[in-house]
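Engineer: Below is one structure. I have some questions about it.
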Amino acid sequence: MFHHLGPEQSRWTWDHDGDEDLYGVAVRACMAESEISKHYGAREPVSRGSVRAAAYEPEFISEAFDSTRTLYVAYRRAARRAAQIQAEYEAARDQLVLDWPLRIFAGCLLAVPVWIFIDVAFTMGWLTNWAVPVFLTGAFVAGLFLIADQASNQRARDAAEAARLRWWVTVCRKDRIDRRTAWSTALKKNAVLPQLRIVVHHLLGDDQDSLLSVEDHDGLKDAHDPRYVVSTQAERQLRQKMAQIDGGTIAVCGPRGAGKSTLLRSCTDRQSTRTFDLSVFLQAPAEYAPQEFLLTLFGEVCEGYLKEFSFDPAETGVFVAIRKRRIVRAVVQAVRWLVALALGLAVLAAALGRGAQWLYKRYATPEMVDRIRQWSQQEWDVVVGLWHDHPWISGIVLTIIGWRLLPQFRRRLSGPTLAQECQRYLYRLRTVQSSSTAVNFGLPPVQGVSLGTSRTTSISSVPFTFPELVTDFRELLEKIAQQLDRVFGSRVVIAIDELDRLGDAATARKFLGQIKAIFGIKGVYYLISVAEDVGAAFVRRGLPHRDVTDSSLDDLLYLQPRTVAESKNLLAVRAPNLTHPYVLLLHALSGGIPRDLIRYARRLIEVHHWTDRKELKDLAPTMILEELADTLEGFRTLLAMKDWTADGGPLLNRLYVLVRLLRSPHERLGVEARTRIQYLADNPLPALPQTDTGIEGDPLGDDTLVLWQEASACAYFSWTLLQIFGAPDFDNRFEQAQNDVMYGDPQRLAEARQELAVSPFSARILLDDIRAAWGLTPSNPWIGPS
C-alpha cells in the first residue's frame, strides 16, 4: 500500500518494493486502450499528461487499491510467505556441509538415470549393463555409512531439509506470481480503467456526443453486404402480406434509394427464406422486350429448381424429341463391337494356340488332368445342388448380379420427372437445335459404270413464340408450386427488381400489361419494385378509370423513408461509434433515404480524415456547405440550358460567386459566404437590376423562375441545418426544441428534405415552423431586397 505524507513532504510513500512499478504498468496499459487514447487531443484539457497526472492523484490511487484490497492482501501474504521460505532456504544452504559419504550417495543415485538416458538415447542399448548395478551398490554402501555414522547422518538430514525448502521456494514463487498476476489484472480492468473513463469524461465536458469517433466503420464500405442489413417494419409488413394470400403479385414502391432492392433481396435470401423455398431474384434492365425478359426468367426458374435439389444445370444435352436414328446408331455400334471382339479373339487364339498346346504336352500329366477334372466336377455338382435345393437364394443372387450389370438403365430411371423437364426446357431455351441425316446407296463400279443415290435430311427446332413461352412457363410453375407445397410445404418467390428503369410510368404499365399473363399462379409470389407513379396509379384504381395495375397487382407496399430510430439502428450496425448528434445530422441531410444516409456517413468520415477535426461545430458546416455547393452547381447546369438576356447576368454571377466561395475551404465559413447564403435563402423571387431609366429588367421565364425558387429553397434548408448543427450550443438548442412536440422533433428536418422534392413553397412553410421550434428566426422571403 501507500501513505499520503502531505504537501510539504513527498506526496506518498509506497510500503513494499515493486508495488509502484506494478501500478505504473497498469496505468500505462489502461492509457493505451483505444477507448482512452482516442480522446487524446480531442479537446484542450484532454492529453496524455493530464490523464497520467490524474491517475497518480492520492484519491485515485486509494480508490484503486481499495477496490482490489482482497486480491492485494492475498498477493502480499503470498509474497511474505515466499520471502520467508527463501530466507529459511538460504540459511539452511549456508549451514549445509557435504562430506564424502553424502557426495558418493548423491552421485551414485544421480548417475543411474543419466547412464540409462545416454544408453537409450545415443547408443541404442549397446553400453555395458554392469554400470547400473555398480552405481546402485555404491549408493547402498554410502547409505549404510550415512545411517551408521551420527555426524554424517545429521549432515544428510540437513541436506534433505535444504532440498525440501528449495522445493517450497519454487512452489511459493509460483503462488506469488499467480496472485500478483490476478491482482494486476483486476487493478487494470476493475480499478484503473473505470476510473480513467470517469477522468476522461470529466475532462471532455458535458457535450461529449458532439465529438466524432470513427474507429469501426466497415459496414459503410459495402452498402450491399447482407451482414449489415437491418430488419425494418417494411420487411415485416411485406412478409405479413405474403402470409395473407396464397400466391399473387405484390408491388413495392418508394423513392429511389429507399431500400426496395435490399428488401427484395432479403425476402429471397436463402438464410431468411423458409426451407426449400424456390427463390429467384432478377433485375430488369432498360430496353427489355417482354419475350426476352420471359426467356431469361424461364431459364432462371429452371436453373434455380435444379440447383435447389442438387442437380447440375449443365447436364441438358438432350433433344426434347427422341429420334429413331438413335436406336439405329446404337444397334450399329453394338454390331461393330461384337465383330471387333470376335476378330480379336480369333487373332489371339491363332497367336497363342501353338504355345498353349506345347505347354500342355510338356507339363500336363494324366494325374494332374484327372485331379483338375475331378475338382471341377465337384464344384459344378455343388452349384447345381444349390440351384435345385435353394431356388430362392440362387434367384436373389442372380437378381443382384443382373441388376448390377445394368447400371445405365438404373441411372435413367432415378431422376425426378420434373427435374428432367427443367433440364430439357433449359437446354431448349439456351441452345439452337438442329439435326441432319445423310443416307447413301451405291454399287461398286463395273467397267467404269456406277449406280448410286443420296438423300440428306435436316431438322431445326422452331424458337418459342410468346404465347408458347407463357403457356409452358405457367405449366412448369404450377407443377413446381404443387410439388413444393405437397412435399415440403414451401413456395415459389420470384423478385423482379428495377422495373422502374424501363422508362416512364406509361412504359412500365405497358410492360406489366404484356407479362401479366404469367401472374396469378397458386403458390407463386411475385415481388416487383416499381416507381412511385406506378404505385400511385394502383392506389387510385377505379377513380375514375381502370388501370393495368388494377388487374396486374394484388397488393402494394409503399416503402417510407427511414425514421430517426430506424436510421439510428442502421448506423449502429454499420458505424457503431457515431453519436446521437451525428445521426441526426446524417438523417436530416439524407431525408431518411438509406442509400443517401450511407453516402453522407462516408462523406462525414472523409471530412474528418481530411480536416482532422472531431467537433460537431467544425464538421457539420463543412458537410452542409459542400452539399449545398454541389446542389447549386447542379442548378447552374440546368439554368445554363435556359435563354438569358443581359438583365439576368447579375443573378447568374451572384450564384457563381456563391458556389466559388463554398468550394473554398478557407472562405466557405466566412461572413461573405454566410451573407450570400442567407440572401439566396430569403429571396426566392429575385429582383432584376433596373435600367438607366429606372425600369426593371425583363422578367424571368416560368421554367427559369421555378429553378431559381427550388435553388432558394435548398439554400434555405441548408441555412437552417447550418444554424442548428453548426452552432456551438447544439445541446441547448436540442433541449429547447423538445418543448415543441410537433415541429421540434428531428424527424421534421428529414421531412423538410423530402418536401423539397414536392414543392419549394410547402418546404418553406415547413422550414419556418421548424426554425421557430428551434429558436431561429423564420425568413420573410416574399419581400425583395432593398
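The chains in the C-alpha cells are called A, B, ... from first to last as shown; in each chain the residues are counted from 1, and the ligands are counted from 1 in the order shown.
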List as a list in words the protein and nucleic acid residues near region 206-211 of chain A, meaning an atom at most 8 Å away when only C-alpha atoms are counted, but skip any in the same chain fewer than 4 places from it.

Structural biologist: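 Skipping anything fewer than 4 positions along the chain leaves Ala42, His201, His202, Thr579, His580, Pro581, Tyr582, Lys614, Glu615, Leu616, Lys617 and Asp731 of chain A.
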
Engineer: Quick one: residues within 9 Å of Asn739 (chain A), only C-alpha atoms, excluding same-chain residues fewer than 4 positions away - as an MDAnalysis selection string?

Structural biologist: chainID A and resid 735 744 773

Engineer: Would you please give, as an MDAnalysis selection string, all residues of region 564-738 of chain A that DSSP assigns to helix (DSSP H, G or I) based on the backbone?

Structural biologist: chainID A and resid 564:574 580:590 594:611 616:639 646:663 671:682 702:725 730:737

Engineer: I need the residues from that last selection saved to file as a tab-separated table (two decimals), in the first residue's frame (with C-alpha atoms), if you can.

Structural biologist:
chain	number	residue	atom	x	y	z
A	564	VAL	CA	-34.81	8.67	-36.82
A	565	ALA	CA	-34.94	5.43	-34.81
A	566	GLU	CA	-34.52	3.28	-37.95
A	567	SER	CA	-31.63	5.40	-39.20
A	568	LYS	CA	-30.01	5.08	-35.78
A	569	ASN	CA	-30.37	1.28	-35.94
A	570	LEU	CA	-28.89	1.18	-39.45
A	571	LEU	CA	-25.87	3.29	-38.45
A	572	ALA	CA	-25.47	1.35	-35.19
A	573	VAL	CA	-24.71	-1.74	-37.30
A	574	ARG	CA	-22.58	-0.08	-39.97
A	580	HIS	CA	-26.68	10.92	-31.48
A	581	PRO	CA	-26.00	14.44	-32.91
A	582	TYR	CA	-24.19	12.97	-35.92
A	583	VAL	CA	-27.04	10.51	-36.50
A	584	LEU	CA	-29.48	13.45	-36.51
A	585	LEU	CA	-27.28	15.40	-38.94
A	586	LEU	CA	-26.96	12.49	-41.38
A	587	HIS	CA	-30.66	11.70	-41.09
A	588	ALA	CA	-31.60	15.30	-41.89
A	589	LEU	CA	-29.22	15.55	-44.86
A	590	SER	CA	-30.42	12.27	-46.34
A	594	PRO	CA	-30.89	4.66	-46.62
A	595	ARG	CA	-28.70	4.98	-49.71
A	596	ASP	CA	-28.07	8.69	-49.06
A	597	LEU	CA	-27.66	8.00	-45.34
A	598	ILE	CA	-24.75	5.65	-46.02
A	599	ARG	CA	-23.29	8.04	-48.60
A	600	TYR	CA	-23.35	11.01	-46.19
A	601	ALA	CA	-21.85	8.84	-43.42
A	602	ARG	CA	-18.93	8.03	-45.73
A	603	ARG	CA	-18.59	11.71	-46.54
A	604	LEU	CA	-18.53	12.59	-42.83
A	605	ILE	CA	-15.63	10.20	-42.20
A	606	GLU	CA	-13.84	11.58	-45.26
A	607	VAL	CA	-14.18	15.15	-43.98
A	608	HIS	CA	-12.95	14.02	-40.55
A	609	HIS	CA	-9.81	12.45	-42.01
A	610	TRP	CA	-9.24	15.40	-44.33
A	611	THR	CA	-9.59	18.15	-41.70
A	616	LEU	CA	-19.70	18.78	-34.48
A	617	LYS	CA	-19.49	22.56	-34.85
A	618	ASP	CA	-16.48	22.10	-37.16
A	619	LEU	CA	-17.58	19.05	-39.17
A	620	ALA	CA	-21.28	19.88	-39.68
A	621	PRO	CA	-20.71	23.21	-41.54
A	622	THR	CA	-18.22	21.57	-43.90
A	623	MET	CA	-20.66	18.76	-44.66
A	624	ILE	CA	-23.63	21.07	-45.15
A	625	LEU	CA	-21.85	23.70	-47.26
A	626	GLU	CA	-20.16	21.15	-49.53
A	627	GLU	CA	-23.54	19.55	-50.18
A	628	LEU	CA	-25.03	22.98	-50.90
A	629	ALA	CA	-22.19	23.73	-53.31
A	630	ASP	CA	-22.90	20.52	-55.24
A	631	THR	CA	-26.61	21.30	-55.33
A	632	LEU	CA	-26.15	24.87	-56.58
A	633	GLU	CA	-23.67	23.66	-59.17
A	634	GLY	CA	-26.38	21.34	-60.48
A	635	PHE	CA	-28.85	24.24	-60.64
A	636	ARG	CA	-26.28	26.30	-62.56
A	637	THR	CA	-26.06	23.50	-65.11
A	638	LEU	CA	-29.86	23.49	-65.52
A	639	LEU	CA	-30.02	27.30	-65.68
A	646	ALA	CA	-28.23	40.72	-70.25
A	647	ASP	CA	-30.58	41.61	-67.42
A	648	GLY	CA	-30.15	38.14	-65.89
A	649	GLY	CA	-26.35	38.32	-65.86
A	650	PRO	CA	-26.06	39.67	-62.28
A	651	LEU	CA	-28.21	36.79	-60.98
A	652	LEU	CA	-26.01	34.17	-62.58
A	653	ASN	CA	-22.90	35.99	-61.38
A	654	ARG	CA	-24.28	36.08	-57.83
A	655	LEU	CA	-24.83	32.33	-57.98
A	656	TYR	CA	-21.34	31.81	-59.44
A	657	VAL	CA	-19.68	33.80	-56.67
A	658	LEU	CA	-21.58	31.85	-54.00
A	659	VAL	CA	-20.51	28.49	-55.48
A	660	ARG	CA	-16.90	29.67	-55.66
A	661	LEU	CA	-16.96	30.73	-52.02
A	662	LEU	CA	-18.49	27.42	-50.95
A	663	ARG	CA	-15.80	25.50	-52.84
A	671	VAL	CA	-19.02	36.27	-43.30
A	672	GLU	CA	-19.43	36.90	-47.03
A	673	ALA	CA	-20.38	33.30	-47.78
A	674	ARG	CA	-22.92	33.20	-44.96
A	675	THR	CA	-24.42	36.54	-46.07
A	676	ARG	CA	-24.85	35.32	-49.64
A	677	ILE	CA	-26.40	32.03	-48.48
A	678	GLN	CA	-28.89	33.90	-46.34
A	679	TYR	CA	-29.70	36.31	-49.17
A	680	LEU	CA	-30.39	33.42	-51.58
A	681	ALA	CA	-32.45	31.61	-48.94
A	682	ASP	CA	-34.58	34.69	-48.17
A	702	ASP	CA	-41.57	30.43	-65.88
A	703	ASP	CA	-39.14	27.48	-66.08
A	704	THR	CA	-36.20	29.63	-65.04
A	705	LEU	CA	-38.15	31.12	-62.14
A	706	VAL	CA	-39.13	27.63	-60.91
A	707	LEU	CA	-35.47	26.54	-60.93
A	708	TRP	CA	-34.44	29.65	-59.04
A	709	GLN	CA	-37.15	29.10	-56.41
A	710	GLU	CA	-36.03	25.49	-55.95
A	711	ALA	CA	-32.42	26.62	-55.52
A	712	SER	CA	-33.55	29.21	-52.98
A	713	ALA	CA	-35.49	26.58	-51.02
A	714	CYS	CA	-32.43	24.27	-50.97
A	715	ALA	CA	-30.33	27.17	-49.68
A	716	TYR	CA	-32.96	27.86	-47.01
A	717	PHE	CA	-32.83	24.20	-45.89
A	718	SER	CA	-29.00	24.24	-45.76
A	719	TRP	CA	-29.04	27.57	-43.90
A	720	THR	CA	-31.39	26.04	-41.30
A	721	LEU	CA	-29.17	22.99	-40.81
A	722	LEU	CA	-26.11	25.24	-40.57
A	723	GLN	CA	-27.66	27.29	-37.79
A	724	ILE	CA	-28.80	24.18	-35.88
A	725	PHE	CA	-25.82	21.83	-36.18
A	730	PHE	CA	-26.35	22.33	-30.10
A	731	ASP	CA	-27.32	20.57	-26.87
A	732	ASN	CA	-29.14	23.65	-25.56
A	733	ARG	CA	-30.98	24.14	-28.85
A	734	PHE	CA	-31.93	20.48	-28.91
A	735	GLU	CA	-33.39	20.63	-25.39
A	736	GLN	CA	-35.27	23.81	-26.30
A	737	ALA	CA	-36.69	22.23	-29.45

Engineer: With only C-alpha atoms as the basis for distance, which of A:Ala82, A:Ile198, A:Ala234, A:Leu282 is at the shortest distance from Trp167 (chain A)?

Structural biologist: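 Ranked by minimum distance to Trp167 (chain A), first place goes to A:Ala82.
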
Engineer: Of the candidates A:Ser552, A:Thr296, A:Ser279, A:Gln86, which shows the shortest atom-to-atom distance to Ala481 (chain A), using only C-alpha atoms?

Structural biologist: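 Counting only C-alpha atoms, the residue closest to Ala481 (chain A) is A:Ser279.
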
Engineer: Which value, in Å to one decimal, gives the distance between CA of Glu63 (chain A) and CA of Arg28 (chain A)?

Structural biologist: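 It comes out at 17.5 Å.
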
Engineer: Work out how far apart CA of Leu426 (chain A) and CA of Val301 (chain A) are and give it in Å to one decimal.

Structural biologist: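 About the pair CA of Leu426 (chain A) and CA of Val301 (chain A): they are 9.2 Å apart.
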
Engineer: Rounded to one decimal in Å, what is the spacing between CA of Thr68 (chain A) and CA of Met31 (chain A)?

Structural biologist: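 If I compute the distance from CA of Thr68 (chain A) to CA of Met31 (chain A), I get 19.0 Å.
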
Engineer: What's the 8 Å shell around Lys188 (chain A), counting only C-alpha atoms, without same-chain residues fewer than 4 positions away, as a compact mmCIF listing (two decimals) with C-alpha atoms, in the first residue's frame?

Structural biologist:
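Saved result, around-v2.txt, follows:
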# COMPACT_ATOMS: atom_id res chain seq x y z
CA ALA A 26 -1.39 -0.92 -15.04
CA VAL A 27 -1.74 2.84 -15.65
CA ALA A 29 -1.70 -0.27 -20.17
CA CYS A 30 -5.02 1.44 -19.46
CA SER A 184 -2.54 -6.74 -11.53
CA VAL A 192 -7.75 1.91 -13.05
CA LEU A 193 -9.64 1.64 -16.37

Engineer: I want to know what sits within 9 Å of Ala752 (chain A), based on only C-alpha atoms, with residues of the same chain fewer than 5 positions away left out; could you give that as an MDAnalysis selection string?

Structural biologist: chainID A and resid 588 591 717 747 762:764 766:767 770

Engineer: Output the selection as a CSV table (one decimal), in the first residue's frame - N, CA, C and O atoms for each residue.

Structural biologist:
chain,number,residue,atom,x,y,z
A,588,ALA,N,-31.0,14.1,-41.3
A,588,ALA,CA,-31.6,15.3,-41.9
A,588,ALA,C,-31.1,15.5,-43.3
A,588,ALA,O,-31.8,15.9,-44.2
A,591,GLY,N,-32.7,12.8,-45.6
A,591,GLY,CA,-34.1,12.7,-45.6
A,591,GLY,C,-34.6,11.4,-45.2
A,591,GLY,O,-35.8,11.0,-45.5
A,717,PHE,N,-33.0,25.4,-46.7
A,717,PHE,CA,-32.8,24.2,-45.9
A,717,PHE,C,-31.4,24.1,-45.4
A,717,PHE,O,-31.2,23.7,-44.2
A,747,GLN,N,-37.2,14.5,-36.7
A,747,GLN,CA,-37.8,13.9,-37.9
A,747,GLN,C,-38.3,14.9,-38.8
A,747,GLN,O,-38.3,14.7,-40.1
A,762,SER,N,-44.2,24.6,-50.2
A,762,SER,CA,-44.6,23.8,-49.0
A,762,SER,C,-43.3,23.5,-48.1
A,762,SER,O,-43.5,23.5,-46.9
A,763,ALA,N,-42.2,23.3,-48.7
A,763,ALA,CA,-41.0,23.1,-47.9
A,763,ALA,C,-40.6,24.3,-47.1
A,763,ALA,O,-40.2,24.2,-46.0
A,764,ARG,N,-40.8,25.5,-47.7
A,764,ARG,CA,-40.5,26.8,-46.9
A,764,ARG,C,-41.5,26.9,-45.7
A,764,ARG,O,-41.0,27.3,-44.6
A,766,LEU,N,-42.9,24.5,-44.0
A,766,LEU,CA,-42.4,23.6,-43.0
A,766,LEU,C,-41.2,24.0,-42.3
A,766,LEU,O,-41.0,23.9,-41.1
A,767,LEU,N,-40.2,24.6,-43.1
A,767,LEU,CA,-39.0,25.1,-42.5
A,767,LEU,C,-39.2,26.3,-41.6
A,767,LEU,O,-38.5,26.4,-40.6
A,770,ILE,N,-40.2,24.8,-38.3
A,770,ILE,CA,-39.1,24.1,-37.7
A,770,ILE,C,-38.2,25.1,-37.1
A,770,ILE,O,-37.7,24.9,-35.9

Engineer: Do you know which residues are at most 12 Å from Gly520 (chain A) counting only C-alpha atoms, after dropping those on the same chain fewer than 6 positions away, and could you put them as a list in words?

Structural biologist: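 So, after excluding close chain neighbours, the residues are Ile245, Asp246, Gly247, Gly248, Thr249, Ile250, Arg474, Leu477, Glu478, Tyr526, Ser551, Ser552, Leu553 and Asp554 of chain A.
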
Engineer: As a compact mmCIF listing (two decimals) with all heavy atoms, in the first residue's frame, please: the residues near Ala83 (chain A) (cut-off 9 Å, only C-alpha atoms, same-chain neighbours under 6 positions excluded).

Structural biologist:
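Everything below was put into result04.txt:
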# COMPACT_ATOMS: atom_id res chain seq x y z
N VAL A 169 10.42 -23.22 -2.02
CA VAL A 169 10.72 -21.92 -2.63
C VAL A 169 10.10 -21.83 -4.02
O VAL A 169 9.49 -20.81 -4.40
CB VAL A 169 12.24 -21.70 -2.67
CG1 VAL A 169 12.59 -20.54 -3.60
CG2 VAL A 169 12.78 -21.41 -1.28
N CYS A 172 6.22 -21.53 -3.63
CA CYS A 172 5.81 -20.21 -3.13
C CYS A 172 6.03 -19.12 -4.17
O CYS A 172 5.25 -18.17 -4.26
CB CYS A 172 6.54 -19.88 -1.84
SG CYS A 172 6.07 -20.94 -0.44
N ARG A 173 7.10 -19.23 -4.94
CA ARG A 173 7.32 -18.25 -6.00
C ARG A 173 6.20 -18.31 -7.05
O ARG A 173 5.71 -17.26 -7.50
CB ARG A 173 8.67 -18.52 -6.66
CG ARG A 173 9.86 -18.04 -5.86
CD ARG A 173 11.14 -18.33 -6.62
NE ARG A 173 12.30 -17.85 -5.88
CZ ARG A 173 13.57 -18.04 -6.29
NH1 ARG A 173 13.80 -18.71 -7.43
NH2 ARG A 173 14.57 -17.58 -5.56
